[in-house]
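The file entry06.txt contains compact mmCIF, C-alpha atoms and all ligand atoms:
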```txt
# COMPACT_ATOMS: atom_id res chain seq x y z
CA MET A 1 117.06 116.82 124.15
CA ALA A 2 114.35 118.76 122.42
CA LEU A 3 110.79 117.66 123.01
CA LEU A 4 107.74 117.67 120.81
CA PRO A 5 104.86 119.60 122.38
CA ALA A 6 102.62 117.34 124.47
CA SER A 7 99.69 118.18 122.18
CA ILE A 8 101.33 116.14 119.39
CA ARG A 9 101.00 112.36 119.69
CA VAL A 10 102.84 110.31 117.10
CA ILE A 11 101.60 106.74 116.90
CA VAL A 12 104.47 104.96 115.18
CA ARG A 13 103.22 101.99 113.16
CA ASP A 14 105.08 99.98 110.53
CA TRP A 15 105.60 99.94 106.76
CA LEU A 16 102.14 98.64 105.88
CA ASN A 17 100.44 101.28 108.03
CA ALA A 18 101.59 104.87 107.97
CA ASN A 19 102.20 106.58 111.31
CA HIS A 20 99.23 108.41 112.79
CA VAL A 21 99.80 111.95 114.01
CA LEU A 22 97.22 113.08 116.51
CA LEU A 23 97.13 116.78 117.36
CA LEU A 24 95.16 117.48 120.52
CA ASP A 25 93.49 120.76 121.40
CA GLY A 26 90.46 120.50 123.68
CA ASP A 27 87.59 119.24 121.56
CA ASP A 28 89.22 120.27 118.28
CA ASN A 29 91.44 117.26 117.68
CA VAL A 30 92.99 116.31 114.37
CA LEU A 31 94.27 113.00 113.02
CA ILE A 32 96.72 112.93 110.13
CA ASP A 33 96.64 109.65 108.14
CA SER A 34 94.60 106.56 108.88
CA GLY A 35 96.74 103.48 108.06
CA TYR A 36 95.97 100.43 105.94
CA VAL A 37 92.46 99.07 105.53
CA THR A 38 93.09 95.58 106.89
CA HIS A 39 94.43 96.99 110.16
CA ALA A 40 91.72 99.58 110.65
CA ASP A 41 90.56 98.02 113.92
CA THR A 42 94.02 98.49 115.40
CA THR A 43 94.12 102.04 114.12
CA LEU A 44 90.80 102.82 115.75
CA ARG A 45 91.93 101.36 119.05
CA LEU A 46 95.24 103.23 119.06
CA VAL A 47 93.57 106.52 118.18
CA ARG A 48 90.85 105.99 120.78
CA GLU A 49 93.46 105.31 123.45
CA GLN A 50 95.18 108.60 122.73
CA LEU A 51 91.92 110.55 122.50
CA ALA A 52 90.89 109.20 125.92
CA GLY A 53 87.26 110.17 125.43
CA ARG A 54 87.86 113.40 123.53
CA PRO A 55 86.12 113.83 120.15
CA LEU A 56 87.86 113.63 116.78
CA PRO A 57 86.26 116.22 114.49
CA ARG A 58 88.97 116.31 111.80
CA LEU A 59 90.91 113.79 109.70
CA ILE A 60 93.50 114.93 107.15
CA ASN A 61 95.62 112.95 104.67
CA SER A 62 99.21 113.83 103.80
CA HIS A 63 98.61 112.00 100.52
CA CYS A 64 96.30 109.31 99.30
CA HIS A 65 98.24 106.05 99.11
CA ALA A 66 96.64 102.98 100.69
CA ASP A 67 98.89 102.97 103.76
CA HIS A 68 97.86 106.54 104.60
CA MET A 69 94.17 106.59 103.58
CA GLY A 70 93.11 102.93 103.75
CA GLY A 71 91.48 103.48 107.15
CA ASN A 72 89.74 106.75 106.24
CA ALA A 73 86.28 105.22 105.83
CA ALA A 74 86.51 103.38 109.16
CA VAL A 75 87.73 106.49 111.02
CA GLN A 76 84.96 108.59 109.44
CA ARG A 77 82.31 106.03 110.43
CA VAL A 78 83.45 105.73 114.02
CA PHE A 79 84.31 109.34 114.83
CA GLY A 80 82.00 111.19 112.43
CA CYS A 81 84.90 113.46 111.47
CA THR A 82 85.31 115.59 108.38
CA LEU A 83 88.05 114.58 105.95
CA SER A 84 90.40 116.90 104.10
CA VAL A 85 92.64 115.61 101.31
CA PRO A 86 95.33 117.40 99.31
CA ALA A 87 93.81 119.30 96.37
CA GLY A 88 96.03 117.35 93.98
CA GLU A 89 94.44 114.06 95.07
CA ALA A 90 90.80 115.17 94.99
CA ASN A 91 90.13 114.18 91.42
CA LEU A 92 91.69 110.74 91.84
CA ILE A 93 89.59 110.08 94.94
CA GLU A 94 86.38 111.24 93.28
CA ARG A 95 86.99 108.96 90.30
CA TRP A 96 88.50 106.27 92.57
CA ASP A 97 91.32 105.90 90.07
CA THR A 98 92.76 102.56 91.18
CA GLN A 99 95.84 102.99 89.00
CA ALA A 100 96.79 106.49 90.07
CA LEU A 101 96.00 105.60 93.70
CA TRP A 102 98.19 102.45 93.39
CA ILE A 103 95.34 100.20 94.53
CA ASP A 104 94.27 97.34 92.18
CA TRP A 105 97.07 98.31 89.82
CA ALA A 106 99.68 97.56 92.50
CA GLY A 107 97.85 94.81 94.42
CA GLN A 108 96.99 97.15 97.30
CA ARG A 109 93.66 97.56 99.06
CA ALA A 110 91.67 100.44 100.48
CA GLU A 111 88.04 101.13 101.37
CA ARG A 112 86.51 103.78 99.15
CA PHE A 113 85.70 107.02 100.94
CA ALA A 114 84.40 110.53 100.29
CA PHE A 115 86.07 113.75 101.45
CA ASP A 116 84.64 117.04 102.68
CA ALA A 117 87.34 119.58 101.83
CA VAL A 118 90.70 120.00 100.15
CA ILE A 119 93.90 121.53 101.49
CA ARG A 120 96.56 123.14 99.35
CA SER A 121 99.96 124.77 99.61
CA GLY A 122 99.80 127.99 101.63
CA ASP A 123 96.74 127.02 103.65
CA ARG A 124 97.03 127.87 107.35
CA LEU A 125 95.72 125.27 109.77
CA ARG A 126 95.33 125.32 113.53
CA MET A 127 96.21 121.87 114.91
CA GLY A 128 97.24 120.85 118.40
CA GLY A 129 97.13 124.48 119.54
CA LEU A 130 99.81 125.36 116.97
CA ALA A 131 99.83 127.22 113.66
CA TRP A 132 100.70 125.07 110.63
CA THR A 133 101.29 125.90 107.00
CA VAL A 134 100.48 123.38 104.29
CA LEU A 135 103.37 122.91 101.85
CA ASP A 136 103.52 120.95 98.60
CA ALA A 137 105.63 117.80 98.80
CA PRO A 138 105.65 116.32 95.28
CA GLY A 139 107.90 113.47 94.13
CA HIS A 140 106.80 110.12 95.60
CA ASP A 141 103.23 111.36 95.14
CA MET A 142 102.83 114.44 92.99
CA GLY A 143 99.80 115.60 95.01
CA ALA A 144 101.32 115.09 98.46
CA VAL A 145 101.51 117.80 101.09
CA MET A 146 103.43 118.26 104.36
CA PHE A 147 102.68 120.40 107.40
CA TRP A 148 105.08 122.97 108.82
CA ASN A 149 105.04 124.68 112.19
CA ALA A 150 107.55 127.54 112.02
CA ASP A 151 107.42 128.44 115.73
CA GLN A 152 108.79 125.12 116.92
CA ARG A 153 110.24 124.07 113.56
CA ILE A 154 108.25 120.85 113.34
CA LEU A 155 107.64 119.19 109.98
CA ILE A 156 105.02 116.49 109.44
CA ALA A 157 106.58 115.08 106.29
CA GLY A 158 104.45 112.14 105.16
CA ASP A 159 106.48 110.06 102.69
CA ALA A 160 108.55 113.00 101.41
CA LEU A 161 111.26 112.26 103.98
CA TRP A 162 111.95 109.42 106.38
CA GLN A 163 115.02 109.00 108.53
CA ARG A 164 116.60 106.76 105.87
CA GLY A 165 114.95 107.50 102.58
CA PHE A 166 111.61 108.56 101.15
CA GLY A 167 108.62 107.00 99.37
CA VAL A 168 109.26 105.22 96.07
CA VAL A 169 109.21 107.32 92.90
CA LEU A 170 107.69 105.55 89.94
CA PRO A 171 109.32 105.02 86.53
CA GLY A 172 107.36 105.53 83.33
CA PRO A 173 106.19 108.73 81.63
CA GLY A 174 107.09 111.75 83.75
CA TRP A 175 109.74 109.93 85.81
CA ARG A 176 112.35 112.67 85.39
CA GLU A 177 109.84 115.28 86.58
CA ARG A 178 108.92 113.14 89.58
CA LEU A 179 112.55 112.61 90.57
CA ALA A 180 113.29 116.31 90.10
CA ALA A 181 110.27 117.12 92.27
CA ALA A 182 111.47 114.70 94.96
CA ARG A 183 114.88 116.39 94.94
CA ASP A 184 113.31 119.83 95.10
CA THR A 185 111.11 118.80 98.00
CA LEU A 186 114.17 117.51 99.88
CA LEU A 187 116.03 120.76 99.26
CA ARG A 188 113.05 122.80 100.47
CA ILE A 189 112.91 120.69 103.64
CA ARG A 190 116.64 121.28 104.20
CA ALA A 191 116.09 125.01 103.81
CA LEU A 192 113.36 124.93 106.47
CA ALA A 193 115.89 123.37 108.89
CA PRO A 194 113.30 121.51 110.98
CA ALA A 195 114.15 120.66 114.58
CA HIS A 196 111.85 117.63 114.38
CA VAL A 197 110.62 115.62 111.43
CA ILE A 198 107.56 113.45 111.99
CA PRO A 199 107.80 111.01 109.07
CA GLY A 200 105.07 108.92 107.48
CA HIS A 201 106.93 105.77 108.57
CA GLY A 202 109.51 105.14 111.27
CA ALA A 203 110.58 107.16 114.27
CA VAL A 204 110.50 110.91 114.75
CA PHE A 205 113.99 112.29 114.14
CA GLY A 206 115.99 115.46 114.52
CA ASP A 207 119.15 114.96 112.47
CA VAL A 208 117.62 116.33 109.31
CA ASP A 209 120.85 117.07 107.45
CA THR A 210 121.92 113.42 107.58
CA ALA A 211 118.48 112.26 106.51
CA ILE A 212 118.42 114.69 103.59
CA ALA A 213 121.92 113.70 102.50
CA THR A 214 120.91 110.03 102.52
CA SER A 215 117.83 110.76 100.44
CA LEU A 216 119.60 113.07 97.98
CA ALA A 217 122.19 110.35 97.37
CA ARG A 218 119.36 107.95 96.64
CA VAL A 219 117.77 110.39 94.18
CA GLU A 220 121.13 110.77 92.45
CA GLY A 221 121.46 107.01 92.09
CA PHE A 222 118.21 106.95 90.13
CA GLU A 223 118.85 109.94 87.91
CA ASN A 224 119.62 108.87 84.34
CA ASP A 225 118.71 105.28 85.20
CA GLU A 226 115.00 104.66 84.73
CA ALA A 227 115.51 100.89 84.69
CA ARG A 228 117.06 101.05 88.16
CA LEU A 229 114.07 103.06 89.33
CA ALA A 230 111.79 100.40 87.82
CA ARG A 231 113.63 97.53 89.54
CA HIS A 232 113.38 99.38 92.83
CA ALA A 233 109.67 100.09 92.31
CA VAL A 234 108.92 96.44 91.56
CA LYS A 235 110.66 95.38 94.77
CA VAL A 236 108.88 98.03 96.85
CA MET A 237 105.45 97.20 95.42
CA PHE A 238 105.92 93.48 95.98
CA SER A 239 107.35 93.86 99.49
CA PHE A 240 104.36 95.98 100.41
CA ALA A 241 101.86 93.50 98.93
CA LEU A 242 103.58 90.62 100.72
CA MET A 243 103.29 92.47 104.03
CA ASP A 244 99.57 92.67 103.36
CA LEU A 245 99.25 89.03 102.25
CA GLY A 246 101.67 87.66 104.87
CA SER A 247 102.85 84.79 102.72
CA LEU A 248 102.47 83.26 99.27
CA ASP A 249 103.17 79.81 97.79
CA GLU A 250 106.41 80.33 95.92
CA ASP A 251 105.11 78.18 93.04
CA SER A 252 102.14 80.51 92.60
CA LEU A 253 104.23 83.68 92.49
CA PRO A 254 104.36 83.95 88.67
CA ASP A 255 100.56 83.65 88.55
CA TYR A 256 100.21 86.29 91.26
CA LEU A 257 102.51 88.67 89.40
CA ALA A 258 100.47 88.16 86.23
CA THR A 259 97.29 89.29 87.99
CA VAL A 260 98.68 92.62 89.23
CA PRO A 261 99.16 95.10 86.36
CA VAL A 262 102.24 96.92 87.66
CA TYR A 263 104.48 93.87 87.28
CA GLY A 264 103.60 93.12 83.67
CA GLU A 265 103.92 96.78 82.73
CA TYR A 266 107.33 97.24 84.29
CA ASP A 267 108.61 93.86 83.17
CA GLN A 268 107.69 94.60 79.58
CA ALA A 269 109.16 98.08 79.65
CA PHE A 270 112.30 97.55 81.75
CA LEU A 271 113.16 94.02 82.86
CA GLY A 272 112.07 91.64 80.09
CA LEU A 273 112.14 88.57 82.33
CA GLY A 274 108.61 87.20 81.93
CA PHE A 275 106.58 86.32 85.01
CA THR A 276 108.58 83.20 85.90
CA GLY A 277 111.87 85.02 85.54
CA LEU A 278 110.52 88.02 87.39
CA ALA A 279 109.38 85.80 90.27
CA GLU A 280 112.84 84.21 90.54
CA TRP A 281 114.55 87.58 90.39
CA LEU A 282 112.24 89.10 93.01
CA VAL A 283 112.68 86.24 95.47
CA ALA A 284 116.47 86.31 95.07
CA GLU A 285 116.65 90.09 95.49
CA LEU A 286 114.34 90.21 98.51
CA LEU A 287 116.04 87.24 100.18
CA ARG A 288 119.34 89.05 99.76
CA ALA A 289 117.84 92.23 101.22
CA GLY A 290 116.36 90.29 104.15
CA ALA A 291 112.83 91.37 103.20
CA LEU A 292 111.47 87.85 102.87
CA SER A 293 112.18 84.29 103.95
CA ARG A 294 111.36 80.85 102.59
CA ARG A 295 109.29 78.52 104.77
CA ALA A 296 107.99 75.17 103.56
CA GLY A 297 107.41 76.21 99.97
CA LYS A 298 106.11 79.63 100.96
CA ILE A 299 107.67 83.04 100.83
CA VAL A 300 106.97 85.00 103.97
CA ALA A 301 107.36 88.72 104.64
CA ALA A 302 110.42 88.84 106.89
CA TRP A 303 108.93 91.28 109.38
CA ARG A 304 106.24 88.71 110.21
CA LEU A 305 108.92 86.21 111.14
CA ARG A 306 110.65 88.83 113.25
CA VAL A 307 107.39 89.54 115.06
CA GLN A 308 106.83 85.83 115.68
CA SER A 309 110.29 85.25 117.07
CA ARG A 310 110.00 88.31 119.29
CA ARG A 311 106.70 86.98 120.58
CA ARG A 312 108.36 83.69 121.40
CA MET A 313 111.26 85.41 123.11
CA THR A 314 109.27 87.87 125.16
CA ASP A 315 106.02 85.97 125.59
CA GLU A 316 104.42 89.03 127.08
CA PRO A 317 100.77 88.63 127.89
CA GLY A 318 100.17 92.38 128.35
CA PRO A 319 97.99 94.70 126.29
CA ALA A 320 100.86 95.75 124.02
CA SER A 321 101.37 92.24 122.74
CA ARG A 322 97.65 91.81 122.32
CA THR A 323 97.77 94.82 120.09
CA LEU A 324 100.61 93.23 118.20
CA ARG A 325 98.73 89.97 117.70
CA ALA A 326 95.52 91.63 116.68
CA SER A 327 97.19 93.94 114.24
CA GLY A 328 99.81 91.66 112.80
CA ALA A 329 101.83 94.83 112.83
CA GLY A 330 105.52 94.66 112.05
CA ARG A 331 106.48 96.35 115.22
CA ARG A 332 104.74 97.15 118.42
CA PRO A 333 102.86 100.40 117.99
CA SER A 334 104.43 103.00 120.20
CA VAL A 335 103.55 106.52 121.04
CA GLN A 336 106.26 109.11 120.83
CA LYS A 337 105.92 112.35 122.65
CA LYS A 338 109.61 113.01 122.51
CA SER A 339 112.01 113.27 119.69
CA ARG A 340 114.81 110.75 120.04
CA ALA A 341 117.35 113.15 118.67
CA SER A 342 118.07 116.79 119.05
CA ARG A 343 119.97 119.18 116.91
ZN ZN B 1 102.98 107.01 99.90
```
Transcribe the structure of this file into structure tokens.
Ligand SMILES: [Zn+2]
Amino acid sequence: MALLPASIRVIVRDWLNANHVLLLDGDDNVLIDSGYVTHADTTLRLVREQLAGRPLPRLINSHCHADHMGGNAAVQRVFGCTLSVPAGEANLIERWDTQALWIDWAGQRAERFAFDAVIRSGDRLRMGGLAWTVLDAPGHDMGAVMFWNADQRILIAGDALWQRGFGVVLPGPGWRERLAAARDTLLRIRALAPAHVIPGHGAVFGDVDTAIATSLARVEGFENDEARLARHAVKVMFSFALMDLGSLDEDSLPDYLATVPVYGEYDQAFLGLGFTGLAEWLVAELLRAGALSRRAGKIVAAWRLRVQSRRRMTDEPGPASRTLRASGAGRRPSVQKKSRASR
């Protein structure tokens, strides 16, 4: 069983909040990714617990989607840290491009922030007492980066690779380039042969070949089928928004979809259902996938129900369940110092 170095603390969150990777080195501590804006208080508490009184001078984003950067402003305020973002995201952040950042356009939220520096492919960073190289990770986000430590073969992958998949790739102009980039990023990760991947969501894992094969198969399924990519993107965007909202009156779903630009755009271009038809299709698809449930005229994000039933079953009064209640997080935040798998 291979271990991650003790200087790397992975705070595993859920699908609304990206994982936080804290790299500890005396007073020079670094946090990668800050979670979603509405759970910033939980993020601050979890990070503070791991820092245990040490300062946090540096915050870095793997990419600038709302689940990775939504807590930036709060973290900057509390810790007074500098923020570095990938060079490819800098312009979007400066302009606060709510379409390219998938904020208003996709019904997501984030607090606006300013950054101090950019990082780009080839940059060398010292984090957690280890040497890291910044690598491009385009596909899901064309400006995304990942962080590679060659000595211990550790990859901090962001949304370029999870244990079972990777971040959604959008349809629309440039979709073939984005899919090709996602494939290329996966192949470059395979060539690195990491011993540990610290993903943007979900547990740290070591069986990289299986994870890459799963993701490459997914890429293949989308190639030459932009409409399939669009249907997938609509489901991902709505599932994410529902995690944020918690629940919605099912009757109001067509009106909700009409207020968020992504749905009208993709429906017109790919699905042709209209908002009522799109609402029916979405509910049916996400019920089938187990991503939502119906409760008294409402649709509810399924992970919230799972959290509630686990609370009832365990009824734990301890600090962990307080964290759970306060955050509304889909799973109990846990800190991983060890990889669950070894190669
Ligand atoms: Zn993302």
> Hey, which residues come within 6 Å of ligand ZN 1 (chain B) if we count all atoms listed in the file? Could you give them as a PyMOL selection string?
Replying inline: chain A and resi 65+159+167
Go ahead and save the picked residues with C-alpha atoms, as a PDB file, keeping the file's coordinate frame.
```
ATOM      1  CA  HIS A  65      98.240 106.050  99.110  1.00  0.00           C
ATOM      2  CA  ASP A 159     106.480 110.060 102.690  1.00  0.00           C
ATOM      3  CA  GLY A 167     108.620 107.000  99.370  1.00  0.00           C
TER       4      GLY A 167
END
```
>> Restricting the calculation to only C-alpha atoms: of A:Ala195, A:Ala269, A:Ala6, A:Ile32, which residue gets closest to Leu130 in chain A?
In response: A:Ala6
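Minimum distance to Gln76 in chain A across A:Leu31, A:Ala302, A:Ala191, A:Met142 (counting only C-alpha atoms) occurs at A:Leu31.
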> Looking at only C-alpha atoms, which of A:Ile198, A:Ala227, A:Val236, A:Val75 is the one that sits closest to Ile156 in chain A?
Replying inline: A:Ile198
> If I put a ball of radius 12 Å at (100.5, 97.9, 87.3) in the file's coordinates, which residues poke into it when counting only C-alpha atoms, written as a ChimeraX atom specification?
Replying inline: /A:98-108,170-172,230,233-234,237-238,257-269
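Closest approach to Glu89 in chain A from the set A:Arg13, A:Arg126, A:Arg295, A:His63 is made by A:His63, with distances taken over all atoms listed in the file.
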> Between CA of Ile212 in chain A and CA of Leu155 in chain A, what is the spacing in Å?
Replying inline: 13.3 Å
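Closest approach to Asn17 in chain A from the set A:Ala66, A:Leu287, A:Ala87, A:Ala241 is made by A:Ala66, with distances taken over all atoms listed in the file.
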> In terms of the shortest atom-to-atom distance over only C-alpha atoms, which of A:Ala180, A:Val118, A:Asn149, A:Arg218 is closest to Thr133 in chain A?
Replying inline: A:Asn149
>> Distance cut-off 10 Å, centre (101.8, 89.2, 102.2) in file coordinates, counting all atoms listed in the file: which residues qualify? Return them as a ChimeraX atom specification.
In response: /A:238-248,292,299-302,304
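Pairwise distance (CA of Thr82 in chain A, CA of Val21 in chain A) equals 16.0 Å.
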Quick one: which range 221-304 of chain A residues come within 12 Å of range 182-188 of chain A, and what is the nearest atom pair for each with the distance in Å to one decimal, counting only C-alpha atoms, rows ordered by chain and ascending number, as a Markdown table?
```
| residue | atom | partner | partner_atom | distance |
| --- | --- | --- | --- | --- |
| A:Gly221 | CA | A:Arg183 | CA | 11.8 |
| A:Phe222 | CA | A:Arg183 | CA | 11.1 |
| A:Glu223 | CA | A:Arg183 | CA | 10.3 |
```
Write the residues of the preceding selection, restricted to C-alpha atoms, as a tab-separated table (two decimals), in the frame of the given file.
```tsv
chain	number	residue	atom	x	y	z
A	221	GLY	CA	121.46	107.01	92.09
A	222	PHE	CA	118.21	106.95	90.13
A	223	GLU	CA	118.85	109.94	87.91
```
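In this model, the gap between CA of Gly272 in chain A and CA of Gly174 in chain A comes to 21.0 Å.
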> What's the 7 Å shell around Asn61 in chain A, counting all atoms listed in the file, without same-chain residues fewer than 3 positions away, as a PyMOL selection string?
Replying inline: chain A and resi 32-33+64+68-69+84-86
